[in-house]
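So the structure is just underneath, and the comments pick up after that.
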2 protein chains.
Amino acid sequence: MRRAEPETRGEILAAATRRFAATGYRGTSLQDIATEVGCSKATVLYHFANKEALLTELMAPAITELQALDDALTGLTGRAAQQTAADGFVDLAVRFRREIALIRGEFPELLRQPEFAHIQRISERLRDALAGNTDRPAAQVAALVLLAGISETCAEFVDMPDAELRPALLALARRALEPVPEHPTQDKET
Amino acid sequence: MRRAEPETRGEILAAATRRFAATGYRGTSLQDIATEVGCSKATVLYHFANKEALLTELMAPAITELQALDDALTGLTGRAAQQTAADGFVDLAVRFRREIALIRGEFPELLRQPEFAHIQRISERLRDALAGNTDRPAAQVAALVLLAGISETCAEFVDMPDAELRPALLALARRALEPVPEHPTQDKET
DNA sequence: TCAGGGTCTGACCGATCGGTCAGGCATGCT
DNA sequence: AGCATGCCTGACCGATCGGTCAGACCCTGA
């Protein structure tokens, strides 16, 4: 069972991906991962400082690109921001479906940790951009439905080809975000 | 600290609601709940058979009504099913926002338990109805985005008045579900 | 031949989890 | 007075968690 080449690290990453996607981050123990790899739990912790380090390494590419999208958003407002945010987020969600599935349902708790605090801020900015920088409830609601719904849908449809999933999401986002005729529901006080 | 009237059970339920909503079902220990109530963990387990019984009692009304919506859906197809599903689900999601928040992010794991297996089936039927009983990818994607997005949004906007949240969600759902001009992307196989 | 470093492991640790159990205490009925 | 019952508790249990550690094993280079 001893492995001459040090590819164990990679196998651990692959196994962790599978287990996290299947049973979630908290629902997966280091022993689960070790068993899937065929090594001991101590080996997993030899290659990675702790359980969280495994997750952050798995999520790193997605986080980097999310940050890039956030940067691309600075300065944009109104329809331009809306379009950029929608297109960019759909693209990210489709491409990083696997990563989304990894932390599915544990977003709220994971975001509470300081290491992921900036992601919290990014998703808030993304939501504002999608809402067209308005605080109209209807716009905020639509933005959040899209963000959450797209994430969940991508995690669910892991096997759908990009060429099918992406245009479906883009079309939906465009329909959902099309400027509703204002419909001035005058509410003076909140 | 002894309570003459047996209102402890109600206090436990209330505390469990708060804690589950704040840190999730798995993220909340029986000791957490006991501490918030001001009693011992054994007392919690005296009033409830186990941790899961607490959750099921909290979720019972929502589940009952979800079942009713599913019943109302039988026999309907096409646009009628779509409308009924959308209106019914938005209504349920808005009214049972708190219950959704309780199990936020733990839906996948909870659904795996046999006690909640029928909810799995209901949500699948709901998705099919929302998709207009089509298996066109675009329709399935839109249906899932709506279901997941609406749930998450309701859980997030716990404090928004019903009168604001409901129409916003309904308008969004109507826009998202409006019959897209077919746009025959001929895919012969699958 | 030997030293050293990278890889891996079993044994172990403290903490926390859900859950059990025998018994204490107050009350009310007989 | 005696007894049953409902409510509540501390002490305890086995399991599991993430993480530590001393040492075994193997390869390589001097």
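Labels for the structure tokens follow display order: chains A, B, ..., residues from 1 in each chain, ligands from 1.
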
Next item on the list: Determine which residues of chain A sit within 8 Å of chain C, taking into account only C-alpha atoms (C1' of nucleotides), and present them as a PyMOL selection string.
Entry: chain A and resi 40+42-43

If we count only C-alpha atoms, which residues of chain B reach to within 9 Å of chain A? Please list them as an mmCIF file with C-alpha atoms, in the first residue's frame.
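This is the output file selection-v2.cif:
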```cif
data_model
loop_
_atom_site.group_PDB
_atom_site.id
_atom_site.type_symbol
_atom_site.label_atom_id
_atom_site.label_comp_id
_atom_site.auth_asym_id
_atom_site.auth_seq_id
_atom_site.Cartn_x
_atom_site.Cartn_y
_atom_site.Cartn_z
ATOM 1 C CA THR B 23 -26.827 28.335 13.844
ATOM 2 C CA GLY B 24 -28.724 25.631 11.968
ATOM 3 C CA GLY B 27 -24.926 23.561 14.485
ATOM 4 C CA ARG B 104 -31.528 26.397 5.776
ATOM 5 C CA GLY B 105 -28.624 24.661 4.205
ATOM 6 C CA GLU B 106 -29.393 21.319 5.747
ATOM 7 C CA PHE B 107 -32.146 20.415 3.371
ATOM 8 C CA PRO B 108 -30.032 17.917 1.412
ATOM 9 C CA GLU B 109 -28.953 15.954 4.458
ATOM 10 C CA PRO B 137 -33.469 22.025 -19.840
ATOM 11 C CA ALA B 138 -34.376 25.724 -19.899
ATOM 12 C CA ALA B 139 -37.681 25.020 -18.192
ATOM 13 C CA VAL B 141 -33.434 25.249 -14.879
ATOM 14 C CA ALA B 142 -35.909 28.086 -14.443
ATOM 15 C CA LEU B 144 -35.159 25.028 -9.899
ATOM 16 C CA VAL B 145 -33.756 28.547 -9.767
ATOM 17 C CA LEU B 146 -37.151 29.778 -8.633
ATOM 18 C CA LEU B 147 -37.689 27.074 -6.029
ATOM 19 C CA ALA B 148 -34.251 27.386 -4.488
ATOM 20 C CA GLY B 149 -34.037 31.140 -4.870
ATOM 21 C CA ILE B 150 -37.427 31.839 -3.361
ATOM 22 C CA SER B 151 -36.704 29.617 -0.385
ATOM 23 C CA GLU B 152 -33.375 31.218 0.319
ATOM 24 C CA THR B 153 -34.728 34.721 -0.183
ATOM 25 C CA CYS B 154 -37.581 34.154 2.228
ATOM 26 C CA GLU B 156 -32.940 35.836 4.330
ATOM 27 C CA PHE B 157 -35.645 38.491 4.420
ATOM 28 C CA MET B 160 -39.645 42.121 5.381
ATOM 29 C CA GLU B 164 -43.777 43.642 0.269
ATOM 30 C CA LEU B 165 -42.183 40.248 -0.091
ATOM 31 C CA PRO B 167 -45.878 40.581 -4.568
ATOM 32 C CA ALA B 168 -42.196 40.948 -5.370
ATOM 33 C CA LEU B 169 -41.769 37.185 -5.502
ATOM 34 C CA ALA B 171 -44.017 39.258 -10.043
ATOM 35 C CA LEU B 172 -40.589 37.718 -10.398
ATOM 36 C CA ALA B 173 -41.980 34.219 -10.750
ATOM 37 C CA ARG B 175 -41.668 37.052 -15.349
ATOM 38 C CA ALA B 176 -39.373 34.051 -15.040
ATOM 39 C CA LEU B 177 -42.041 31.593 -16.116
ATOM 40 C CA GLU B 178 -43.563 33.498 -18.998
#
```

Checklist line | d(atom CA of Leu55 of chain A, atom CA of Ala163 of chain A) in Å | finding: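 Here the two named atoms are 28.1 Å from each other.
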
List the neighbours of Ile63 of chain A out to 12 Å using only C-alpha atoms (C1' of nucleotides); skip same-chain residues closer than 5 positions along the sequence, and give me the result as a compact mmCIF listing (two decimals) with C-alpha atoms, in the first residue's frame.
```txt
# COMPACT_ATOMS: atom_id res chain seq x y z
CA LEU A 55 -11.40 23.26 1.87
CA THR A 56 -9.65 26.55 1.22
CA GLU A 57 -7.25 24.90 -1.23
CA LEU A 58 -10.20 23.34 -3.01
CA ALA A 68 -11.90 39.34 -10.15
CA LEU A 69 -15.59 39.68 -10.95
CA ASP A 70 -15.99 41.97 -7.97
CA LEU A 92 -18.62 31.65 -12.61
CA ALA A 93 -21.43 29.54 -11.24
CA PHE A 96 -17.29 26.31 -10.65
CA GLU A 99 -16.92 24.03 -5.90
CA ILE A 100 -20.39 25.35 -5.19
CA GLU A 115 -11.16 33.79 6.52
CA PHE A 116 -14.22 34.03 4.31
CA ALA A 117 -15.48 37.39 5.49
CA HIS A 118 -14.54 39.13 2.27
CA ILE A 119 -16.69 36.69 0.31
CA GLN A 120 -19.61 37.91 2.36
CA ILE A 122 -18.45 40.40 -2.38
CA SER A 123 -21.78 38.64 -2.48
```

Within 9 Å of chain D, which residues of chain A come that close, and what is the closest atom pair and distance in Å for each? Count only C-alpha atoms (C1' of nucleotides) and give it as a tab-separated table.
```
residue	atom	partner	partner_atom	distance
A:Ala4	CA	D:DC26	C1'	8.8
A:Ser29	CA	D:DC17	C1'	7.6
A:Leu30	CA	D:DG18	C1'	7.8
A:Ala42	CA	D:DG19	C1'	8.9
A:Leu45	CA	D:DG19	C1'	8.1
A:Asn50	CA	D:DG19	C1'	7.8
A:Lys51	CA	D:DG18	C1'	7.7
```

Emit the selected residues as a PDB file, in the first residue's frame, including N, CA and C atoms.
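Result file is result-v1.pdb:
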```
ATOM      1  N   ALA A   4       5.219   4.999  -3.833  1.00  0.00           N
ATOM      2  CA  ALA A   4       6.548   5.548  -4.064  1.00  0.00           C
ATOM      3  C   ALA A   4       6.464   7.032  -4.408  1.00  0.00           C
ATOM      4  N   SER A  29     -15.922  13.594   7.654  1.00  0.00           N
ATOM      5  CA  SER A  29     -14.848  13.582   8.646  1.00  0.00           C
ATOM      6  C   SER A  29     -13.521  13.302   7.954  1.00  0.00           C
ATOM      7  N   LEU A  30     -12.449  13.678   8.617  1.00  0.00           N
ATOM      8  CA  LEU A  30     -11.125  13.391   8.075  1.00  0.00           C
ATOM      9  C   LEU A  30     -10.954  11.887   7.884  1.00  0.00           C
ATOM     10  N   ALA A  42      -3.979  10.393   9.948  1.00  0.00           N
ATOM     11  CA  ALA A  42      -2.761  11.148  10.232  1.00  0.00           C
ATOM     12  C   ALA A  42      -2.076  11.583   8.949  1.00  0.00           C
ATOM     13  N   LEU A  45      -3.600  14.680   7.646  1.00  0.00           N
ATOM     14  CA  LEU A  45      -3.166  15.850   8.414  1.00  0.00           C
ATOM     15  C   LEU A  45      -1.673  16.099   8.282  1.00  0.00           C
ATOM     16  N   ASN A  50      -4.900  21.385   8.486  1.00  0.00           N
ATOM     17  CA  ASN A  50      -6.123  20.993   9.183  1.00  0.00           C
ATOM     18  C   ASN A  50      -7.232  20.838   8.153  1.00  0.00           C
ATOM     19  N   LYS A  51      -8.413  20.535   8.636  1.00  0.00           N
ATOM     20  CA  LYS A  51      -9.514  20.261   7.739  1.00  0.00           C
ATOM     21  C   LYS A  51      -9.860  21.489   6.888  1.00  0.00           C
TER      22      LYS A  51
END
```

Notebook entry, point to check: Taking the backbone alone, and naming residues the way the document does, which bits of chain A are helix (DSSP H, G or I) by DSSP, as a PyMOL selection string?
Noted result: chain A and resi 8-23+30-37+41-47+51-73+78-95+97-102+107-112+114-130+137-156+162-177
